[in-house]
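J.: Provided below: data_18.tsv, containing TSV, C-alpha atoms and all ligand atoms.
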```
chain	number	residue	atom	x	y	z
A	1	MET	CA	14.03	2.86	-25.87
A	2	THR	CA	12.67	4.73	-28.88
A	3	GLU	CA	9.23	4.05	-30.30
A	4	GLU	CA	10.86	2.58	-33.37
A	5	GLN	CA	12.80	0.10	-31.24
A	6	LEU	CA	9.66	-0.89	-29.39
A	7	ILE	CA	7.78	-1.47	-32.63
A	8	TYR	CA	10.64	-3.61	-33.90
A	9	LYS	CA	10.34	-5.85	-30.83
A	10	PHE	CA	6.56	-5.97	-31.07
A	11	ASP	CA	6.74	-6.91	-34.75
A	12	GLN	CA	8.67	-10.07	-33.92
A	13	PHE	CA	5.36	-11.41	-32.61
A	14	LYS	CA	2.33	-12.57	-34.62
A	15	HIS	CA	-0.12	-9.84	-33.66
A	16	ALA	CA	-3.33	-9.44	-35.61
A	17	SER	CA	-3.15	-5.79	-36.63
A	18	ALA	CA	-0.56	-3.03	-36.94
A	19	TYR	CA	0.97	-1.00	-34.10
A	20	ALA	CA	-0.83	2.27	-33.28
A	21	SER	CA	0.56	3.56	-29.94
A	22	HIS	CA	1.91	2.40	-26.59
A	23	LYS	CA	2.24	3.38	-22.97
A	24	GLU	CA	4.32	2.00	-20.13
A	25	LEU	CA	2.48	0.35	-17.24
A	26	ALA	CA	4.68	1.02	-14.26
A	27	SER	CA	3.22	-1.02	-11.41
A	28	GLY	CA	5.66	-4.01	-11.37
A	29	HIS	CA	8.93	-3.92	-9.44
A	30	ILE	CA	10.97	-6.16	-11.74
A	31	ASN	CA	9.97	-6.26	-15.44
A	32	ASP	CA	9.18	-3.49	-17.95
A	33	THR	CA	5.61	-3.66	-19.20
A	34	PHE	CA	3.92	-1.82	-22.06
A	35	LEU	CA	0.35	-1.70	-23.28
A	36	VAL	CA	0.50	-1.70	-27.08
A	37	LYS	CA	-2.56	-0.46	-28.92
A	38	THR	CA	-3.00	-1.70	-32.46
A	39	LYS	CA	-5.18	-0.40	-35.30
A	40	GLU	CA	-7.82	-2.93	-34.31
A	41	GLU	CA	-8.50	-4.84	-31.13
A	42	PRO	CA	-7.27	-6.96	-29.46
A	43	TYR	CA	-4.53	-4.83	-27.93
A	44	TYR	CA	-1.42	-6.41	-26.46
A	45	ILE	CA	0.91	-6.40	-23.49
A	46	LEU	CA	4.59	-6.34	-24.46
A	47	GLN	CA	6.94	-7.19	-21.64
A	48	ARG	CA	10.68	-7.26	-21.10
A	49	ILE	CA	11.51	-9.99	-18.61
A	50	ASN	CA	14.31	-8.96	-16.28
A	51	HIS	CA	16.98	-11.59	-16.88
A	52	GLU	CA	19.10	-10.42	-13.93
A	53	VAL	CA	16.29	-11.57	-11.65
A	54	PHE	CA	15.02	-14.47	-13.76
A	55	LYS	CA	18.11	-16.46	-14.74
A	56	ASP	CA	16.32	-18.90	-17.08
A	57	VAL	CA	13.86	-16.84	-19.11
A	58	PRO	CA	13.12	-19.54	-21.73
A	59	GLY	CA	12.25	-21.87	-18.80
A	60	LEU	CA	10.03	-19.21	-17.25
A	61	ILE	CA	8.23	-18.67	-20.55
A	62	SER	CA	7.76	-22.39	-21.00
A	63	ASN	CA	6.28	-22.63	-17.46
A	64	LYS	CA	3.74	-19.91	-17.96
A	65	VAL	CA	2.75	-20.85	-21.51
A	66	SER	CA	2.17	-24.48	-20.56
A	67	VAL	CA	0.16	-23.54	-17.46
A	68	SER	CA	-1.99	-21.17	-19.56
A	69	LYS	CA	-2.58	-23.89	-22.15
A	70	HIS	CA	-3.58	-26.32	-19.40
A	71	ILE	CA	-6.11	-23.85	-18.01
A	72	GLN	CA	-7.41	-23.08	-21.52
A	73	ASN	CA	-8.03	-26.79	-22.05
A	74	LYS	CA	-9.84	-27.09	-18.75
A	75	LEU	CA	-12.03	-24.12	-19.58
A	76	SER	CA	-12.63	-25.13	-23.19
A	77	HIS	CA	-16.37	-25.49	-22.50
A	78	LEU	CA	-16.62	-21.71	-22.06
A	79	PRO	CA	-17.72	-19.47	-24.95
A	80	GLU	CA	-14.60	-18.16	-26.71
A	81	GLU	CA	-15.02	-14.57	-25.58
A	82	GLU	CA	-15.33	-15.61	-21.95
A	83	LEU	CA	-12.41	-18.02	-22.20
A	84	LYS	CA	-10.16	-15.22	-23.48
A	85	ARG	CA	-11.05	-13.14	-20.43
A	86	SER	CA	-10.47	-15.99	-17.97
A	87	VAL	CA	-6.88	-16.93	-18.74
A	88	LEU	CA	-3.82	-15.27	-20.29
A	89	THR	CA	-3.18	-15.89	-23.98
A	90	PHE	CA	0.48	-15.76	-25.01
A	91	VAL	CA	1.38	-14.71	-28.54
A	92	PRO	CA	4.09	-16.59	-30.48
A	93	THR	CA	6.83	-14.94	-32.50
A	94	THR	CA	7.01	-15.37	-36.25
A	95	ASN	CA	9.28	-18.41	-35.63
A	96	GLY	CA	6.84	-20.00	-33.23
A	97	ASP	CA	8.72	-19.31	-29.97
A	98	TYR	CA	6.96	-17.52	-27.16
A	99	TYR	CA	9.82	-15.09	-26.54
A	100	TYR	CA	12.15	-12.94	-28.58
A	101	LYS	CA	15.74	-12.27	-27.51
A	102	ASP	CA	17.05	-8.97	-28.86
A	103	ASP	CA	20.64	-8.12	-29.81
A	104	ALA	CA	21.29	-6.60	-26.39
A	105	GLY	CA	20.33	-9.92	-24.75
A	106	ASN	CA	16.94	-8.76	-23.47
A	107	PHE	CA	13.99	-11.15	-23.52
A	108	TRP	CA	10.53	-10.06	-24.66
A	109	ASN	CA	7.13	-11.69	-24.58
A	110	VAL	CA	3.64	-10.68	-25.67
A	111	MET	CA	0.18	-11.42	-24.28
A	112	VAL	CA	-3.26	-10.48	-25.51
A	113	TYR	CA	-4.58	-7.55	-23.48
A	114	ILE	CA	-7.84	-8.24	-21.68
A	115	ASN	CA	-10.07	-5.32	-22.53
A	116	ASP	CA	-12.31	-3.40	-20.15
A	117	SER	CA	-10.49	-4.81	-17.17
A	118	VAL	CA	-9.31	-3.05	-14.04
A	119	THR	CA	-6.70	-3.76	-11.40
A	120	HIS	CA	-6.72	-2.68	-7.76
A	121	GLU	CA	-3.62	-1.53	-5.90
A	122	ILE	CA	-5.70	-1.08	-2.75
A	123	VAL	CA	-8.96	-2.87	-2.05
A	124	THR	CA	-11.87	-0.77	-0.85
A	125	ALA	CA	-14.80	-3.14	-1.46
A	126	GLU	CA	-15.35	-6.44	0.31
A	127	GLU	CA	-16.62	-7.90	-2.93
A	128	VAL	CA	-13.19	-7.42	-4.52
A	129	ALA	CA	-11.60	-9.35	-1.65
A	130	TYR	CA	-14.13	-12.16	-2.09
A	131	GLU	CA	-13.73	-12.26	-5.88
A	132	GLY	CA	-9.94	-12.13	-5.46
A	133	GLY	CA	-10.18	-15.20	-3.22
A	134	LYS	CA	-12.18	-17.04	-5.84
A	135	LEU	CA	-9.62	-16.16	-8.53
A	136	SER	CA	-6.58	-17.43	-6.67
A	137	GLY	CA	-8.45	-20.44	-5.28
A	138	ASP	CA	-9.56	-21.30	-8.80
A	139	PHE	CA	-6.04	-20.95	-10.14
A	140	LEU	CA	-4.90	-23.60	-7.63
A	141	ASN	CA	-7.93	-25.70	-8.44
A	142	LEU	CA	-7.45	-25.56	-12.21
A	143	THR	CA	-3.76	-26.38	-11.96
A	144	SER	CA	-4.18	-29.12	-9.35
A	145	ASP	CA	-3.91	-31.84	-12.03
A	146	PHE	CA	-1.01	-30.19	-13.85
A	147	ASP	CA	2.20	-32.20	-13.77
A	148	ALA	CA	4.37	-29.91	-11.61
A	149	SER	CA	7.50	-31.91	-12.46
A	150	VAL	CA	7.64	-30.25	-15.91
A	151	LEU	CA	7.96	-26.81	-14.29
A	152	ILE	CA	11.32	-25.28	-13.56
A	153	ASP	CA	12.00	-23.38	-10.34
A	154	VAL	CA	12.09	-19.91	-11.91
A	155	ILE	CA	13.70	-18.48	-8.80
A	156	PRO	CA	15.06	-21.27	-6.63
A	157	LYS	CA	14.15	-20.85	-2.94
A	158	PHE	CA	11.87	-17.93	-3.82
A	159	HIS	CA	9.72	-18.19	-0.68
A	160	ASP	CA	12.23	-20.16	1.35
A	161	MET	CA	12.47	-18.47	4.73
A	162	SER	CA	15.94	-19.77	5.66
A	163	PHE	CA	17.29	-18.51	2.35
A	164	ARG	CA	15.71	-15.09	2.87
A	165	PHE	CA	17.20	-14.94	6.38
A	166	TRP	CA	20.60	-15.89	4.99
A	167	GLN	CA	20.37	-13.12	2.38
A	168	PHE	CA	19.33	-10.67	5.10
A	169	GLU	CA	22.25	-11.62	7.33
A	170	GLU	CA	24.69	-11.29	4.42
A	171	ALA	CA	23.23	-7.90	3.53
A	172	LEU	CA	23.63	-6.76	7.11
A	173	LYS	CA	27.31	-7.66	7.05
A	174	GLY	CA	27.93	-5.61	3.91
A	175	ALA	CA	25.58	-2.69	4.59
A	176	SER	CA	26.72	0.90	4.87
A	177	GLY	CA	26.78	2.38	8.36
A	178	GLU	CA	24.04	4.81	7.48
A	179	ARG	CA	21.61	2.22	6.13
A	180	LYS	CA	22.33	-0.17	9.00
A	181	GLU	CA	21.55	2.61	11.45
A	182	ARG	CA	18.23	3.36	9.76
A	183	ALA	CA	17.25	-0.30	9.67
A	184	LYS	CA	18.25	-0.83	13.31
A	185	ALA	CA	14.79	-0.47	14.80
A	186	TYR	CA	13.66	-3.54	12.85
A	187	LEU	CA	16.47	-5.94	13.67
A	188	ASP	CA	14.99	-7.13	16.97
A	189	LYS	CA	11.64	-7.64	15.33
A	190	VAL	CA	13.18	-9.81	12.64
A	191	ALA	CA	15.07	-11.86	15.22
A	192	GLY	CA	12.03	-12.20	17.47
A	193	LEU	CA	9.87	-13.67	14.70
A	194	LYS	CA	12.52	-15.95	13.24
A	195	GLU	CA	11.30	-19.23	14.72
A	196	GLU	CA	7.60	-18.71	14.09
A	197	MET	CA	8.28	-17.59	10.53
A	198	HIS	CA	9.89	-20.95	9.78
A	199	ILE	CA	6.88	-23.08	10.79
A	200	ILE	CA	5.38	-23.30	7.31
A	201	GLN	CA	8.70	-24.07	5.71
A	202	ASN	CA	9.31	-26.81	8.28
A	203	LEU	CA	5.89	-28.34	7.54
A	204	LYS	CA	6.70	-28.24	3.84
A	205	GLU	CA	10.09	-29.85	4.32
A	206	SER	CA	8.71	-32.58	6.55
A	207	GLY	CA	6.17	-33.44	3.82
A	208	LYS	CA	3.19	-32.57	6.06
A	209	ILE	CA	1.92	-30.06	3.53
A	210	LYS	CA	2.10	-30.91	-0.11
A	211	LEU	CA	3.70	-29.25	-3.07
A	212	ARG	CA	1.38	-28.06	-5.82
A	213	VAL	CA	1.48	-25.64	-8.72
A	214	THR	CA	1.32	-22.18	-7.19
A	215	HIS	CA	1.30	-18.68	-8.65
A	216	ASN	CA	3.65	-17.22	-6.02
A	217	ASP	CA	2.89	-13.56	-6.68
A	218	THR	CA	-0.79	-13.23	-5.86
A	219	LYS	CA	-0.76	-9.60	-4.81
A	220	ILE	CA	-4.13	-8.15	-5.67
A	221	SER	CA	-2.73	-5.98	-8.46
A	222	ASN	CA	-2.01	-9.26	-10.24
A	223	ALA	CA	-5.73	-9.98	-10.61
A	224	LEU	CA	-8.01	-8.52	-13.26
A	225	PHE	CA	-11.59	-7.51	-12.52
A	226	ASP	CA	-14.38	-6.23	-14.68
A	227	LYS	CA	-16.00	-2.88	-14.01
A	228	ASN	CA	-18.59	-4.49	-11.73
A	229	ASN	CA	-15.90	-5.95	-9.44
A	230	LYS	CA	-16.28	-9.48	-10.79
A	231	GLY	CA	-12.98	-11.35	-10.94
A	232	LEU	CA	-11.78	-12.20	-14.44
A	233	CYS	CA	-8.32	-13.69	-14.39
A	234	VAL	CA	-4.97	-13.86	-12.60
A	235	ILE	CA	-2.06	-12.29	-14.45
A	236	ASP	CA	1.73	-12.07	-14.03
A	237	THR	CA	2.35	-15.81	-14.04
A	238	ASP	CA	6.14	-15.39	-14.27
A	239	THR	CA	6.68	-17.06	-10.91
A	240	VAL	CA	4.42	-20.07	-11.48
A	241	MET	CA	6.31	-23.07	-10.06
A	242	PRO	CA	5.89	-25.73	-7.40
A	243	GLY	CA	5.00	-24.29	-3.99
A	244	VAL	CA	2.55	-24.60	-1.10
A	245	VAL	CA	-0.96	-23.18	-0.85
A	246	HIS	CA	0.22	-20.82	1.87
A	247	TYR	CA	2.30	-18.76	-0.55
A	248	ASP	CA	-0.68	-17.81	-2.67
A	249	PHE	CA	-3.09	-17.32	0.20
A	250	GLY	CA	-0.62	-15.29	2.23
A	251	ASP	CA	0.62	-12.95	-0.47
A	252	ALA	CA	-2.92	-12.12	-1.54
A	253	ILE	CA	-3.91	-11.31	2.05
A	254	ARG	CA	-0.79	-9.14	2.39
A	255	THR	CA	-2.14	-6.77	-0.23
A	256	ILE	CA	-5.92	-7.20	0.02
A	257	CYS	CA	-6.05	-6.56	3.74
A	258	ASN	CA	-3.66	-3.61	3.76
A	259	THR	CA	-5.76	-0.47	4.02
A	260	ALA	CA	-2.99	1.41	2.21
A	261	ALA	CA	-0.51	0.78	-0.60
A	262	GLU	CA	2.55	-1.35	0.21
A	263	ASP	CA	4.76	1.76	0.17
A	264	GLU	CA	2.47	4.15	2.05
A	265	THR	CA	4.70	6.13	4.41
A	266	ASN	CA	1.98	7.40	6.75
A	267	LEU	CA	1.81	4.30	8.93
A	268	ASP	CA	-1.40	5.45	10.59
A	269	LEU	CA	-3.06	4.62	7.30
A	270	VAL	CA	-1.65	1.09	7.27
A	271	ASN	CA	-4.02	-1.29	9.02
A	272	PHE	CA	-5.12	-4.89	8.59
A	273	ASN	CA	-8.72	-5.22	7.40
A	274	VAL	CA	-10.17	-8.33	9.06
A	275	ALA	CA	-13.45	-8.19	7.12
A	276	PHE	CA	-11.50	-8.42	3.87
A	277	TYR	CA	-9.50	-11.32	5.29
A	278	LYS	CA	-12.73	-13.23	5.92
A	279	ALA	CA	-14.16	-12.35	2.51
A	280	TYR	CA	-11.01	-13.42	0.67
A	281	LYS	CA	-10.80	-16.66	2.64
A	282	LYS	CA	-14.44	-17.44	1.90
A	283	GLY	CA	-13.94	-17.02	-1.87
A	284	PHE	CA	-10.66	-18.91	-1.78
A	285	LEU	CA	-12.06	-21.91	0.10
A	286	GLU	CA	-15.15	-22.05	-2.09
A	287	LYS	CA	-12.85	-22.92	-4.97
A	288	VAL	CA	-10.18	-25.05	-3.37
A	289	GLU	CA	-11.28	-26.30	0.06
A	290	SER	CA	-11.95	-29.85	-1.12
A	291	ALA	CA	-8.31	-30.16	-2.21
A	292	LEU	CA	-6.88	-28.95	1.12
A	293	THR	CA	-6.07	-30.89	4.28
A	294	PRO	CA	-7.23	-29.73	7.74
A	295	LEU	CA	-3.62	-28.81	8.54
A	296	GLU	CA	-3.37	-26.61	5.46
A	297	ILE	CA	-6.58	-24.82	6.36
A	298	GLU	CA	-5.62	-24.43	10.02
A	299	THR	CA	-2.35	-22.75	9.10
A	300	LEU	CA	-3.81	-20.16	6.69
A	301	PRO	CA	-3.71	-17.28	9.22
A	302	LEU	CA	-0.05	-18.10	9.88
A	303	ALA	CA	0.51	-18.11	6.10
A	304	ALA	CA	-0.71	-14.53	5.93
A	305	LYS	CA	1.60	-13.41	8.71
A	306	THR	CA	4.49	-15.33	7.15
A	307	MET	CA	4.08	-13.84	3.69
A	308	ILE	CA	3.79	-10.29	5.02
A	309	PHE	CA	6.94	-10.96	7.00
A	310	ILE	CA	8.92	-12.43	4.10
A	311	MET	CA	8.20	-9.32	2.01
A	312	ALA	CA	9.21	-7.07	4.90
A	313	LEU	CA	12.44	-9.03	5.17
A	314	ARG	CA	13.11	-8.89	1.42
A	315	PHE	CA	12.49	-5.13	1.24
A	316	LEU	CA	14.74	-4.58	4.25
A	317	THR	CA	17.44	-6.78	2.73
A	318	ASP	CA	17.32	-4.86	-0.54
A	319	TYR	CA	17.58	-1.60	1.39
A	320	LEU	CA	20.69	-2.90	3.16
A	321	ASN	CA	22.06	-3.97	-0.23
A	322	ASP	CA	21.66	-0.43	-1.62
A	323	ASP	CA	18.59	-1.33	-3.74
A	324	ILE	CA	19.96	-3.87	-6.16
A	325	TYR	CA	16.76	-5.88	-6.69
A	326	TYR	CA	13.52	-3.91	-6.63
A	327	LYS	CA	12.89	-0.81	-8.68
A	328	THR	CA	12.86	2.18	-6.31
A	329	LYS	CA	11.69	5.75	-6.80
A	330	TYR	CA	13.74	7.38	-4.01
A	331	PRO	CA	16.57	6.30	-1.66
A	332	GLU	CA	14.42	5.21	1.32
A	333	HIS	CA	11.76	3.49	-0.79
A	334	ASN	CA	12.67	-0.07	0.22
A	335	LEU	CA	12.94	0.87	3.89
A	336	ASP	CA	9.52	2.51	3.70
A	337	ARG	CA	8.09	-0.62	2.12
A	338	ALA	CA	9.58	-2.72	4.92
A	339	LYS	CA	8.24	-0.41	7.65
A	340	ASN	CA	4.83	-0.57	6.05
A	341	GLN	CA	4.83	-4.40	6.09
A	342	PHE	CA	5.98	-4.52	9.72
A	343	LYS	CA	3.14	-2.19	10.67
A	344	LEU	CA	0.74	-4.46	8.82
A	345	ILE	CA	1.96	-7.45	10.85
A	346	ASP	CA	1.41	-5.53	14.11
A	347	SER	CA	-2.09	-4.58	13.07
A	348	MET	CA	-2.87	-8.15	12.02
A	349	VAL	CA	-1.50	-9.61	15.25
A	350	ALA	CA	-3.45	-7.13	17.38
A	351	GLN	CA	-6.74	-7.99	15.72
A	352	MET	CA	-6.40	-11.66	14.83
A	353	LYS	CA	-4.50	-12.65	17.97
A	354	ILE	CA	-2.07	-14.69	15.97
B	1	LIG	C1	7.79	-8.27	-7.12
B	1	LIG	O1	7.56	-7.33	-10.02
B	1	LIG	P1	6.35	-7.61	-9.27
B	1	LIG	O2	5.80	-6.34	-8.74
B	1	LIG	O3	5.34	-8.45	-10.01
B	1	LIG	C2	8.31	-9.59	-6.54
B	1	LIG	C3	7.26	-10.23	-5.64
B	1	LIG	C4	6.86	-9.23	-4.55
B	1	LIG	C5	6.40	-7.93	-5.18
B	1	LIG	C6	6.12	-6.90	-4.12
B	1	LIG	C7	10.09	-11.88	-8.93
B	1	LIG	O4	6.72	-8.54	-7.99
B	1	LIG	O5	7.79	-11.36	-5.03
B	1	LIG	O6	5.81	-9.75	-3.79
B	1	LIG	O7	7.40	-7.41	-6.08
B	1	LIG	N1	8.63	-10.49	-7.65
B	1	LIG	C8	9.84	-11.06	-7.74
B	1	LIG	O8	5.25	-5.94	-4.63
B	1	LIG	O9	10.70	-10.90	-6.89
B	2	MG	MG	5.43	-10.52	-10.38
```
What do you get writing this file as structure tokens?
T.:
Amino acid sequence: MTEEQLIYKFDQFKHASAYASHKELASGHINDTFLVKTKEEPYYILQRINHEVFKDVPGLISNKVSVSKHIQNKLSHLPEEELKRSVLTFVPTTNGDYYYKDDAGNFWNVMVYINDSVTHEIVTAEEVAYEGGKLSGDFLNLTSDFDASVLIDVIPKFHDMSFRFWQFEEALKGASGERKERAKAYLDKVAGLKEEMHIIQNLKESGKIKLRVTHNDTKISNALFDKNNKGLCVIDTDTVMPGVVHYDFGDAIRTICNTAAEDETNLDLVNFNVAFYKAYKKGFLEKVESALTPLEIETLPLAAKTMIFIMALRFLTDYLNDDIYYKTKYPEHNLDRAKNQFKLIDSMVAQMKI
């Protein structure tokens, strides 16, 4: 895309001052994201939503805009500057929609950029784990009175274990001999964990744990911090939809407690940090404990194991499918991600005795 094309897309939205420059932010695996600097602040985030992955983009936009508005209302007592740093602000187009569909059929949306913020791909300070826990706990807390029935399922069965197993088994049937061979060492592991990895789903289906509004992609790089490690806001609310508390707790732990990046290939560097687990859990429960049942709290360690596993399974499935879902930088990238997550499970199990 040329700069001119990008500016054209950006100019469909009601931004406060003129375009100055942009750069791509390449950390997501699905969408294309750009930081757009304007002549004056605020700056903006321009994003192309991948409509191959997200089949109902207008529904997705409506989900995240209404959840943001709900949180803004709940935080309306805050001074304006603080409010703008505590929740995402979506920018409408000149016709008042919150997305623009271009002639090629791509969907775009714009958010106000939160200045002087940092993200962490890997956590190195316990305080970040604790603050991260407060952020995702507070997200659940602030959305606990949101009417989840108005939300669409942006990706049906997103964290549904049986569905992910079905996709894995289908991928295995169609995989090339070479990829199947390379994935072989992990097949027994997947089979061996199958029953345990369905426990949370079974509790959900039996109604023993309740559905609430969940973020569903709480990896730590989806949280903004200030320069003093204080949590500001959760971002990337594309997958906001009804879910269980375990999804948000588990996916955050998956990334916060990994001593390396999710695609680190030196597995000696991949270990589960128990101190960060405790710090995250403390922050999380401070914000949301009163809304949780004893059963939900009891099953949080299992949630962590389950969410690490589901990502391992999804990466492995995409590898077997010749990388049709996640962006990859080299041919074995998805397999490396899967190996990394399996190592993280081993390290967690060894230390937490789960
Ligand atoms: C994807 O695109 P990104 O990086 O926000 C994925 C998440 C995974 C994550 C792994 C819609 O998120 O479920 O946890 O990669 N999102 C979707 O890093 O599949
Ligand atoms: Mg995401």
J.: Could you give me, as a list in words, every polymer residue with an atom at most 9 Å away from an atom of ligand MG 2 (chain B), counting all atoms listed in the file?
T.: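 The distance check yields Gly28, His29, Ile30, Asn31, Asn216, Asp217, Thr218, Lys219, Asn222, Ile235, Asp236, Thr237, Asp238 and Thr239 of chain A.
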J.: Let me make sure I understand: among A:Thr255, A:Asn73, A:Asn266, A:Thr306, which one has the smallest atom-to-atom distance to Met197 in chain A if we use all atoms listed in the file?
T.: A:Thr306
J.: So, with only C-alpha atoms as the atoms that count, which of A:Thr293, A:Gln351, A:Thr265, A:Asn63 lies closest to Leu335 in chain A?
T.: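 Using only C-alpha atoms, the shortest distance to Leu335 in chain A belongs to A:Thr265.
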J.: Using only C-alpha atoms, can you tell me which of A:Lys343, A:Lys194, A:Lys227, A:Lys282 comes closest to Trp166 in chain A?
T.: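 Among the listed residues, A:Lys194 lies closest to Trp166 in chain A.
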J.: Report the distance between CA of Phe309 in chain A and CA of Asn50 in chain A in Å, rounded to one decimal place.
T.: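 Distance reported for this atom pair: 24.5 Å.
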J.: Using only C-alpha atoms, which residue out of A:Arg164, A:Lys204, A:Lys157, A:Arg254 lies closest to Lys305 in chain A?
T.: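 Ranked by minimum distance to Lys305 in chain A, first place goes to A:Arg254.
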J.: Excluding Tyr99 in chain A and any residue of its chain fewer than 5 positions from it, enumerate the residues within 7 Å of it, using all atoms listed in the file, and give them as JSON, numbers by chain.
T.: {"A": [93, 107, 108, 109]}
J.: Take the point (25.1, 6.5, 5.3) in the file's coordinates, draw a sphere of radius 12 Å around it, and report as JSON, numbers by chain every protein, DNA or RNA residue with an atom inside or on it, counting all atoms listed in the file.
T.: {"A": [175, 176, 177, 178, 179, 180, 181, 182, 183, 319, 320, 322, 331, 332]}
J.: What's the separation between CA of Tyr247 in chain A and CA of Ile200 in chain A, in Å to one decimal place?
T.: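 Distance reported for this atom pair: 9.6 Å.
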J.: Give me the residues within 7 Å of range 134-141 of chain A as a PDB file with C-alpha atoms, keeping the file's coordinate frame, counting all atoms listed in the file and dropping any in the same chain fewer than 3 places off.
T.:
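Output saved as part.pdb:
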```
ATOM      1  CA  TYR A 130     -14.130 -12.160  -2.090  1.00  0.00           C
ATOM      2  CA  GLU A 131     -13.730 -12.260  -5.880  1.00  0.00           C
ATOM      3  CA  SER A 144      -4.180 -29.120  -9.350  1.00  0.00           C
ATOM      4  CA  VAL A 213       1.480 -25.640  -8.720  1.00  0.00           C
ATOM      5  CA  THR A 214       1.320 -22.180  -7.190  1.00  0.00           C
ATOM      6  CA  GLY A 231     -12.980 -11.350 -10.940  1.00  0.00           C
ATOM      7  CA  CYS A 233      -8.320 -13.690 -14.390  1.00  0.00           C
ATOM      8  CA  VAL A 234      -4.970 -13.860 -12.600  1.00  0.00           C
ATOM      9  CA  GLY A 283     -13.940 -17.020  -1.870  1.00  0.00           C
ATOM     10  CA  PHE A 284     -10.660 -18.910  -1.780  1.00  0.00           C
ATOM     11  CA  LEU A 285     -12.060 -21.910   0.100  1.00  0.00           C
ATOM     12  CA  GLU A 286     -15.150 -22.050  -2.090  1.00  0.00           C
ATOM     13  CA  LYS A 287     -12.850 -22.920  -4.970  1.00  0.00           C
ATOM     14  CA  VAL A 288     -10.180 -25.050  -3.370  1.00  0.00           C
TER      15      VAL A 288
END
```
J.: For ligand LIG 1 (chain B), which of A:Glu170, A:Asp226, A:Asp32, A:Glu205 is the closest residue, counting all atoms listed in the file?
T.: A:Asp32
J.: Mind pulling up the distance from CA of Met311 in chain A to atom O5 of ligand LIG 1 (chain B)?
T.: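 About the pair atom O5 of ligand LIG 1 (chain B) and CA of Met311 in chain A: they are 7.3 Å apart.
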J.: Using all atoms listed in the file, which residues sit within 8 Å of Ile308 in chain A once same-chain residues fewer than 4 positions away are excluded, as a short mmCIF file (atom, residue, chain, number, x, y, z; two decimals) with C-alpha atoms, in the frame of the given file?
T.:
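Final output, out.cif:
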```
data_model
loop_
_atom_site.label_atom_id
_atom_site.label_comp_id
_atom_site.auth_asym_id
_atom_site.auth_seq_id
_atom_site.Cartn_x
_atom_site.Cartn_y
_atom_site.Cartn_z
CA GLY A 250 -0.62 -15.29 2.23
CA ASP A 251 0.62 -12.95 -0.47
CA ARG A 254 -0.79 -9.14 2.39
CA ALA A 304 -0.71 -14.53 5.93
CA ALA A 312 9.21 -7.07 4.90
CA GLN A 341 4.83 -4.40 6.09
CA PHE A 342 5.98 -4.52 9.72
CA LEU A 344 0.74 -4.46 8.82
CA ILE A 345 1.96 -7.45 10.85
#
```
J.: Hey, what's within 12 Å of Lys329 in chain A if we count only C-alpha atoms and toss same-chain stuff fewer than 3 positions away? As a PDB file with C-alpha atoms, in the frame of the given file, please?
T.:
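Final output, part.pdb:
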```
ATOM      1  CA  ALA A  26       4.680   1.020 -14.260  1.00  0.00           C
ATOM      2  CA  SER A  27       3.220  -1.020 -11.410  1.00  0.00           C
ATOM      3  CA  HIS A  29       8.930  -3.920  -9.440  1.00  0.00           C
ATOM      4  CA  ASP A 263       4.760   1.760   0.170  1.00  0.00           C
ATOM      5  CA  ASP A 323      18.590  -1.330  -3.740  1.00  0.00           C
ATOM      6  CA  TYR A 326      13.520  -3.910  -6.630  1.00  0.00           C
ATOM      7  CA  GLU A 332      14.420   5.210   1.320  1.00  0.00           C
ATOM      8  CA  HIS A 333      11.760   3.490  -0.790  1.00  0.00           C
ATOM      9  CA  ASN A 334      12.670  -0.070   0.220  1.00  0.00           C
ATOM     10  CA  LEU A 335      12.940   0.870   3.890  1.00  0.00           C
ATOM     11  CA  ASP A 336       9.520   2.510   3.700  1.00  0.00           C
ATOM     12  CA  ARG A 337       8.090  -0.620   2.120  1.00  0.00           C
TER      13      ARG A 337
END
```
J.: For Leu6 in chain A, find every residue with an atom within 10 Å (counting only C-alpha atoms), except residues of its own chain fewer than 4 positions away, and show them as JSON, numbers by chain.
T.: {"A": [1, 2, 10, 11, 19, 22, 34, 36, 46]}
J.: Out of A:His51, A:His70, A:Arg212, A:Lys37, which residue has the shortest atom-to-atom distance to ligand LIG 1 (chain B) when counting all atoms listed in the file?
T.: A:His51
J.: Let me have the centre and edge lengths of the axis-aligned box enclosing all listed atoms of range 82-90 of chain A with 5 Å padding on every side, in Å to one decimal, as JSON.
T.:
```
{"center_x": -7.4, "center_y": -15.6, "center_z": -21.5, "size_x": 25.8, "size_y": 14.9, "size_z": 17.0}
```
